[in-house]
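Student: Have a look at the structure that comes next, please.
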Amino acid sequence: MELCDLPAYELSLLLRRKQVSALEITQSCLQRIEKVDGRPGQLDDGKADPQDEEKVHAFITLTKKRALAQANAIDRKLAAGEDPGPLAGIPFTVKDIFCVRGTPSTAGSRILANFVAPYTATPVERMEAAGAVLLGKVNLDEFTYGSSNESTAFQPAPRNPWNPACVPGGSSGGSAASVAAGEAPLSLGTDTAGSIRQPAAFCGVVGVKPTYGRVSRYGLIAFGSSLDCPGPLARNVVDAALMLQTIAGLDPRDSTTANLPVPDYLAALEEGVRGLRIGLSPDYFQITFPDPQTGEYRQQELPAEIEARVRYAAEVLASLGAEIIEDVPMPNTRYGIPAYFVISRVEAASNLHRYDGVKYGYRTPQPVSDLREMYRKTRNEGFGLQPKLRILMGMYVSAAQYSAQYYRRALRVRTLIRRDFDQAFDPQGKYRLHALLTPTTPTTAFEMGAVYGDSVLMQYADQLTVPANHAGVPGVSLPFGLDENRLPIGVQLLGPDFSEAVLLRIARALEQATESEPWRKLKPQVLRNLAG
Amino acid sequence: MTDRIDPQTFAHLVELAALELDESQAEYLRRELNAQLSAIHELEAIPLGDDLPITSHGVPYTPQISQPPRADVWQPYPDPQEIIAQAPQSEEGYVVVPDIPHTTLE
């Protein structure tokens with residue numbers, strides 16, 4: 001076991017006991033990156049190299065010098081007897097949708113490829129203030145628009161460490177892949193429809209989508225402003241709790257952050273699940289999606305091995321003293337994607353109007369006759385297909401003549417989705433749940449190229465995660481087994497507003513109870529290859 | 001599948017979006033837009049009561065958890081030149097753009 005494979009909390013203990021230095025930890029991660037990551041994502045990547053297909057490609061920008069300087073600074077503080085902070089010496093990666101002063105902050109798009117952020121996002125600032133060491137910026141779907149990471153303008157796109165022929169999921173694909181491959185114990189991602197939880201499930205790591213308003217969006221390049229949630233990806237629940245503790249809380253620079261104290265997530269982590277009411281819903285064991293050929297809607301049960309792992313998780317929780325409540329109705333789950341197609345596109349179109357080639361970012365080098373032509377050419381050359389698609393859809397469904405039919409209707413459907421959760425979690429209601437236990441994704445990781453290009457089918461990968469974004473409630477995905485192809489299966493816990501402490505507690509109980517199961521000993525393929 | 005967005009409507013959207021597309025992009029994008037609209041049309045089947053309000057944020061922002069408005073204080077960036085330097089074209093502290101077309105308001 002190398003240092004880079006250890007969880008953050010163990011590294012933290014070793015560091016404080018002076019058994020390792022921050023520099024050694026950082027160097028271990030940098031060596032792992034050197035071995036498994038391959039060439040970083042770049043514009044105009046040239047010829048595809050067969051070797052690319054074996055590598056992870058999590059990174060766009062590696063900030064090696066900065067990381068080594070930060071690690072040295074931590075070691076100096078420790079030597080001087082100063083408190084270097086709760087995450088001292090712990091390396092982390094940042095999805096390249098966050099501004100970090102002095103680094104290219106690209107959003108995975110040509111239009112921001114040359115943009116160097118003049119300020120740092122609050123969650124990153126809090127990580128660094130806690131002593132964490134920034135290793136670099138990792139790849140994502142362009143402007144986060146995707147569920148496979150293939151839409152990034154920076155190629156080669158990240159691959160799944162469990163099987164590099166498969167996608168890592170998205171949009172926080174680089175984050176999940178970097179954590180799974182032992183390149184960093186922690187990563188900061190964002191979740192607008194499942195973009196933390198889905199790649200976490202695909203790559204066999206823990207992902208937390210906090211309650212909307214729990215973690216500041218200041219310095220996050222916006223997609224759907226009413227849906228975006230920054231949050232942690234980690235290799236286990238304790239690390240995820242440690243990171244959430246650091247980044248959560250009120251921020252005067254984001255007026256949507258909640259004015260609520262942050263509980264001590266770690267203190268409650270080992271309290272167990274006795275007495276908790278945890279629900280299962282039939283509406284999360286099936287998906288409804290349009291047939292790619294006919295467009296007809298089909299209802300389909302989830303793959304048996306995914307459902308089996310969720311039911312097994314319920315059995316484990318029951319054996320630990322939780323009460324399992326079956327048949328909780330969540331009837332509006334199936335409308336999450338159609339409503340998301342409308343709401344997120346309107347917000348995306350509005351947020352993308354700022355990219356016009358005037359103040360920063362890409363501007364067309366072609367001769368133009370006036371400002372409007374410069375806008376059009378710049379945006380055509382700077383945006384990939386997915387941002388264009390979202391802008392056009394946003395313009396259409398929010399147009400005056402269609403707005404009542406589409407946008408206002410979608411916002412009212414959002415009310416229904418929220419009510420499903422309110423009724424399930426109502427302490428005086430019929431179900432009185434502390435959490436809902438569901439699968440995270442309708443499938444395990446799919447092959448690269450299998451879905452990309454079909455924007456409808458791709459969106460349906462988020463069917464089980466997007467309701468939490470509409471409702472604003474928190475969700476945790478944790479690895480809970482492997483399928484027959486040795487690809488990770490994730491289970492999801494959803495809870496009432498600001499119930500992260502309870503969700504993490506349940507997740508920790510599941511993790512502890514299955515600690516010795518054989519699948520937990522198996523490493524991702526890229527790491528098995530290293531050993532061989 | 002019906003083409004709710006015909007070529008003419010599509011061209012109007014492209015204009016509104018300040019884009020300029022070649023034919024193959026336009027074809028792909030119009031096809032995907034129509035496919036997405038078919039998915040969106042599922043929403044029309046949902047009975048919505050007249051009094052059903054909209055939800056613009058999932059989490060209700062009660063006064064107890066809302067932040068007070070921030071004081072309106074000028075916070076100058078330490079080095080404006082650093083910001084100006086990000087502009088694709090600038091001159092003596094000004095951002096330079098091509099001619100702005102003049103239109104007469106009716």
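Scheme for the structure tokens: letters A, B, ... for chains in order shown; per-chain residue numbers from 1; ligand numbers from 1 in order shown.
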Would you list which chain B residues are within 7 Å of chain A using only C-alpha atoms, as a VMD selection string?

Tutor: chain B and resid 1 13 to 14 17 to 21 29 32 to 33 35 to 36 39 to 40 42 to 43 52 to 59 65 to 67 70 86 to 88 95 97 to 101

Student: Using N, CA, C and O atoms, can you export the residues from the last selection as a short mmCIF file (atom, residue, chain, number, x, y, z; two decimals), in the first residue's frame?

Tutor:
```
data_model
loop_
_atom_site.label_atom_id
_atom_site.label_comp_id
_atom_site.auth_asym_id
_atom_site.auth_seq_id
_atom_site.Cartn_x
_atom_site.Cartn_y
_atom_site.Cartn_z
N MET B 1 -41.51 10.79 -34.74
CA MET B 1 -41.48 12.00 -33.90
C MET B 1 -41.81 13.24 -34.74
O MET B 1 -41.33 13.36 -35.86
N LEU B 13 -34.07 30.84 -33.42
CA LEU B 13 -33.40 30.53 -32.14
C LEU B 13 -31.90 30.77 -32.25
O LEU B 13 -31.28 31.29 -31.32
N VAL B 14 -31.34 30.38 -33.37
CA VAL B 14 -29.89 30.54 -33.57
C VAL B 14 -29.54 32.03 -33.52
O VAL B 14 -28.55 32.43 -32.91
N ALA B 17 -29.75 33.23 -29.95
CA ALA B 17 -28.66 32.67 -29.15
C ALA B 17 -27.30 33.25 -29.53
O ALA B 17 -26.29 32.88 -28.94
N ALA B 18 -27.28 34.15 -30.52
CA ALA B 18 -26.04 34.73 -31.04
C ALA B 18 -25.05 33.62 -31.43
O ALA B 18 -23.92 33.57 -30.96
N LEU B 19 -25.55 32.71 -32.25
CA LEU B 19 -24.70 31.65 -32.79
C LEU B 19 -24.69 31.73 -34.31
O LEU B 19 -25.49 32.48 -34.90
N GLU B 20 -23.83 30.94 -34.90
CA GLU B 20 -23.73 30.90 -36.35
C GLU B 20 -23.29 29.47 -36.64
O GLU B 20 -22.19 29.10 -36.27
N LEU B 21 -24.16 28.66 -37.23
CA LEU B 21 -23.87 27.23 -37.31
C LEU B 21 -23.67 26.77 -38.74
O LEU B 21 -24.34 27.27 -39.65
N LEU B 29 -28.22 19.52 -34.19
CA LEU B 29 -28.83 20.24 -33.07
C LEU B 29 -30.34 20.29 -33.19
O LEU B 29 -31.06 20.12 -32.20
N GLU B 32 -31.74 16.86 -32.22
CA GLU B 32 -31.68 16.62 -30.77
C GLU B 32 -32.70 17.49 -30.03
O GLU B 32 -33.30 17.05 -29.05
N LEU B 33 -32.88 18.73 -30.49
CA LEU B 33 -33.86 19.61 -29.85
C LEU B 33 -35.25 18.98 -29.95
O LEU B 33 -36.01 18.97 -28.97
N ALA B 35 -35.97 15.86 -30.32
CA ALA B 35 -36.02 14.65 -29.47
C ALA B 35 -36.22 15.05 -28.01
O ALA B 35 -37.00 14.44 -27.27
N GLN B 36 -35.53 16.10 -27.58
CA GLN B 36 -35.68 16.55 -26.18
C GLN B 36 -37.09 17.09 -25.94
O GLN B 36 -37.67 16.86 -24.88
N ALA B 39 -39.43 14.43 -25.12
CA ALA B 39 -39.31 14.02 -23.72
C ALA B 39 -40.04 15.02 -22.82
O ALA B 39 -40.76 14.64 -21.90
N ILE B 40 -39.86 16.30 -23.13
CA ILE B 40 -40.48 17.34 -22.31
C ILE B 40 -42.01 17.24 -22.36
O ILE B 40 -42.69 17.55 -21.39
N GLU B 42 -43.88 14.89 -22.05
CA GLU B 42 -44.42 14.06 -20.98
C GLU B 42 -45.04 14.92 -19.89
O GLU B 42 -45.97 14.51 -19.21
N LEU B 43 -44.50 16.12 -19.72
CA LEU B 43 -44.98 17.01 -18.65
C LEU B 43 -46.44 17.41 -18.89
O LEU B 43 -47.17 17.72 -17.95
N LEU B 52 -51.55 25.24 -7.80
CA LEU B 52 -50.21 24.68 -7.54
C LEU B 52 -49.15 25.75 -7.80
O LEU B 52 -49.02 26.24 -8.92
N PRO B 53 -48.40 26.13 -6.78
CA PRO B 53 -47.40 27.19 -6.98
C PRO B 53 -46.16 26.67 -7.71
O PRO B 53 -45.98 25.46 -7.83
N ILE B 54 -45.34 27.58 -8.17
CA ILE B 54 -44.06 27.18 -8.75
C ILE B 54 -43.03 27.00 -7.62
O ILE B 54 -43.19 27.53 -6.53
N THR B 55 -41.99 26.23 -7.90
CA THR B 55 -40.85 26.14 -6.98
C THR B 55 -39.63 26.61 -7.75
O THR B 55 -39.26 26.01 -8.76
N SER B 56 -39.03 27.69 -7.29
CA SER B 56 -37.85 28.17 -8.00
C SER B 56 -36.57 27.70 -7.31
O SER B 56 -35.51 27.64 -7.93
N HIS B 57 -36.66 27.36 -6.03
CA HIS B 57 -35.57 26.69 -5.32
C HIS B 57 -36.20 25.54 -4.55
O HIS B 57 -37.26 25.74 -3.95
N GLY B 58 -35.55 24.40 -4.49
CA GLY B 58 -36.12 23.30 -3.72
C GLY B 58 -36.23 23.65 -2.25
O GLY B 58 -37.28 23.50 -1.63
N VAL B 59 -35.14 24.15 -1.67
CA VAL B 59 -35.10 24.44 -0.24
C VAL B 59 -35.84 25.75 0.02
O VAL B 59 -35.52 26.76 -0.58
N ILE B 65 -33.30 31.10 8.01
CA ILE B 65 -32.06 30.60 7.42
C ILE B 65 -31.53 31.50 6.31
O ILE B 65 -30.52 31.21 5.70
N SER B 66 -32.24 32.61 6.03
CA SER B 66 -31.77 33.50 4.96
C SER B 66 -30.74 34.48 5.50
O SER B 66 -30.82 34.90 6.65
N GLN B 67 -29.81 34.81 4.63
CA GLN B 67 -28.79 35.78 5.03
C GLN B 67 -29.35 37.19 4.96
O GLN B 67 -30.11 37.48 4.03
N ARG B 70 -26.15 41.92 2.09
CA ARG B 70 -24.76 42.31 2.35
C ARG B 70 -24.65 43.84 2.28
O ARG B 70 -25.35 44.47 1.49
N GLN B 86 -6.89 40.13 -19.24
CA GLN B 86 -7.63 38.94 -19.70
C GLN B 86 -8.44 39.25 -20.97
O GLN B 86 -8.91 38.33 -21.64
N ALA B 87 -8.67 40.52 -21.27
CA ALA B 87 -9.50 40.87 -22.43
C ALA B 87 -8.75 40.52 -23.71
O ALA B 87 -7.54 40.74 -23.80
N PRO B 88 -9.47 39.96 -24.69
CA PRO B 88 -8.80 39.61 -25.95
C PRO B 88 -8.12 40.82 -26.61
O PRO B 88 -7.09 40.68 -27.23
N VAL B 95 -11.28 48.10 -22.80
CA VAL B 95 -11.50 46.88 -23.58
C VAL B 95 -11.95 47.32 -24.97
O VAL B 95 -12.84 48.16 -25.11
N VAL B 97 -13.56 46.60 -28.70
CA VAL B 97 -14.43 45.69 -29.44
C VAL B 97 -14.64 46.23 -30.86
O VAL B 97 -14.39 47.41 -31.12
N PRO B 98 -15.09 45.37 -31.78
CA PRO B 98 -15.38 45.86 -33.14
C PRO B 98 -16.53 46.88 -33.10
O PRO B 98 -17.20 47.04 -32.07
N ASP B 99 -16.80 47.50 -34.24
CA ASP B 99 -17.87 48.51 -34.33
C ASP B 99 -19.19 48.00 -33.76
O ASP B 99 -19.58 46.87 -34.05
N ILE B 100 -19.82 48.84 -33.01
CA ILE B 100 -21.14 48.47 -32.49
C ILE B 100 -22.18 48.98 -33.48
O ILE B 100 -22.25 50.18 -33.75
N PRO B 101 -22.97 48.05 -34.07
CA PRO B 101 -23.92 48.51 -35.09
C PRO B 101 -24.99 49.42 -34.48
O PRO B 101 -25.46 49.18 -33.38
#
```

Student: Determine, counting only C-alpha atoms, which protein, DNA and RNA residues have an atom within 8 Å of an atom of B:Gln81; residues of the same chain fewer than 3 positions away are not included. Present the result as a list in words.

Tutor: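 Skipping anything fewer than 3 positions along the chain leaves Ile84, Ala85 and Gly93 of chain B.
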
Student: Could you tell me which of A:Tyr145, A:Tyr218, A:Phe202, A:Tyr452 comes closest to A:Val100 if we count only C-alpha atoms?

Tutor: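 Ranked by minimum distance to A:Val100, first place goes to A:Tyr218.
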
Student: Which of these, A:Met1, A:Ala88, A:Val205, A:Ala69, has the shortest distance to A:Leu530 once you count only C-alpha atoms?

Tutor: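 Nearest candidate to A:Leu530 out of A:Met1, A:Ala88, A:Val205, A:Ala69: A:Met1.
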
Student: Please run DSSP on the backbone and report, as a PyMOL selection string, all residues within stretch 217-416 of chain A that come out as helix (DSSP H, G or I).

Tutor: chain A and resi 237-247+282-284+304-319+331-352+371-382+385-398+404-416

Student: Figure out the distance between atom CA of A:Ile489 and atom CA of A:Asp228, please, to one decimal in Å.

Tutor: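 Atom CA of A:Asp228 sits 24.2 Å away from atom CA of A:Ile489.
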
Student: Can you tell me which residues surround A:Trp162 at a distance of at most 7 Å, considering only C-alpha atoms, apart from same-chain residues fewer than 6 positions away, and format the answer as a ChimeraX atom specification?

Tutor: /A:203,487,524-526

Student: Save out the residues we just selected, N, CA, C and O atoms, as an mmCIF file, in the first residue's frame.

Tutor:
```cif
data_model
loop_
_atom_site.group_PDB
_atom_site.id
_atom_site.type_symbol
_atom_site.label_atom_id
_atom_site.label_comp_id
_atom_site.auth_asym_id
_atom_site.auth_seq_id
_atom_site.Cartn_x
_atom_site.Cartn_y
_atom_site.Cartn_z
ATOM 1 N N CYS A 203 -17.378 4.977 -10.484
ATOM 2 C CA CYS A 203 -15.952 4.773 -10.186
ATOM 3 C C CYS A 203 -15.727 4.147 -8.806
ATOM 4 O O CYS A 203 -14.584 4.040 -8.355
ATOM 5 N N LEU A 487 -17.635 -3.986 -12.360
ATOM 6 C CA LEU A 487 -17.808 -2.532 -12.343
ATOM 7 C C LEU A 487 -18.605 -2.162 -11.093
ATOM 8 O O LEU A 487 -19.533 -2.881 -10.711
ATOM 9 N N PRO A 524 -9.301 -1.177 -8.594
ATOM 10 C CA PRO A 524 -9.587 -0.867 -10.000
ATOM 11 C C PRO A 524 -8.519 -1.445 -10.928
ATOM 12 O O PRO A 524 -7.362 -1.604 -10.525
ATOM 13 N N GLN A 525 -8.938 -1.721 -12.158
ATOM 14 C CA GLN A 525 -8.040 -2.386 -13.120
ATOM 15 C C GLN A 525 -6.727 -1.634 -13.336
ATOM 16 O O GLN A 525 -5.664 -2.247 -13.404
ATOM 17 N N VAL A 526 -6.780 -0.298 -13.425
ATOM 18 C CA VAL A 526 -5.519 0.429 -13.683
ATOM 19 C C VAL A 526 -4.526 0.230 -12.537
ATOM 20 O O VAL A 526 -3.316 0.271 -12.763
#
```

Student: Name all residues at most 6 Å from A:Val167 (count only C-alpha atoms; drop same-chain ones fewer than 3 positions away) and give them as a list in words.

Tutor: Ser148, Arg159, Asn160, Glu447 and Met448 of chain A

Student: Save out the residues we just selected, N, CA, C and O atoms, as a CSV table (one decimal), in the first residue's frame.

Tutor:
```csv
chain,number,residue,atom,x,y,z
A,148,SER,N,-21.0,11.6,-18.9
A,148,SER,CA,-20.0,10.6,-19.3
A,148,SER,C,-18.6,11.2,-19.4
A,148,SER,O,-17.6,10.5,-19.5
A,159,ARG,N,-11.1,8.3,-18.3
A,159,ARG,CA,-11.6,7.0,-18.5
A,159,ARG,C,-11.8,6.4,-17.1
A,159,ARG,O,-11.3,6.9,-16.1
A,160,ASN,N,-12.6,5.3,-17.0
A,160,ASN,CA,-12.9,4.7,-15.8
A,160,ASN,C,-11.8,3.8,-15.3
A,160,ASN,O,-11.4,2.9,-15.9
A,447,GLU,N,-19.9,1.8,-21.9
A,447,GLU,CA,-18.7,1.9,-22.7
A,447,GLU,C,-18.6,3.3,-23.3
A,447,GLU,O,-19.6,3.9,-23.6
A,448,MET,N,-17.4,3.8,-23.5
A,448,MET,CA,-17.2,5.1,-24.2
A,448,MET,C,-17.8,5.0,-25.6
A,448,MET,O,-17.6,4.0,-26.2
```
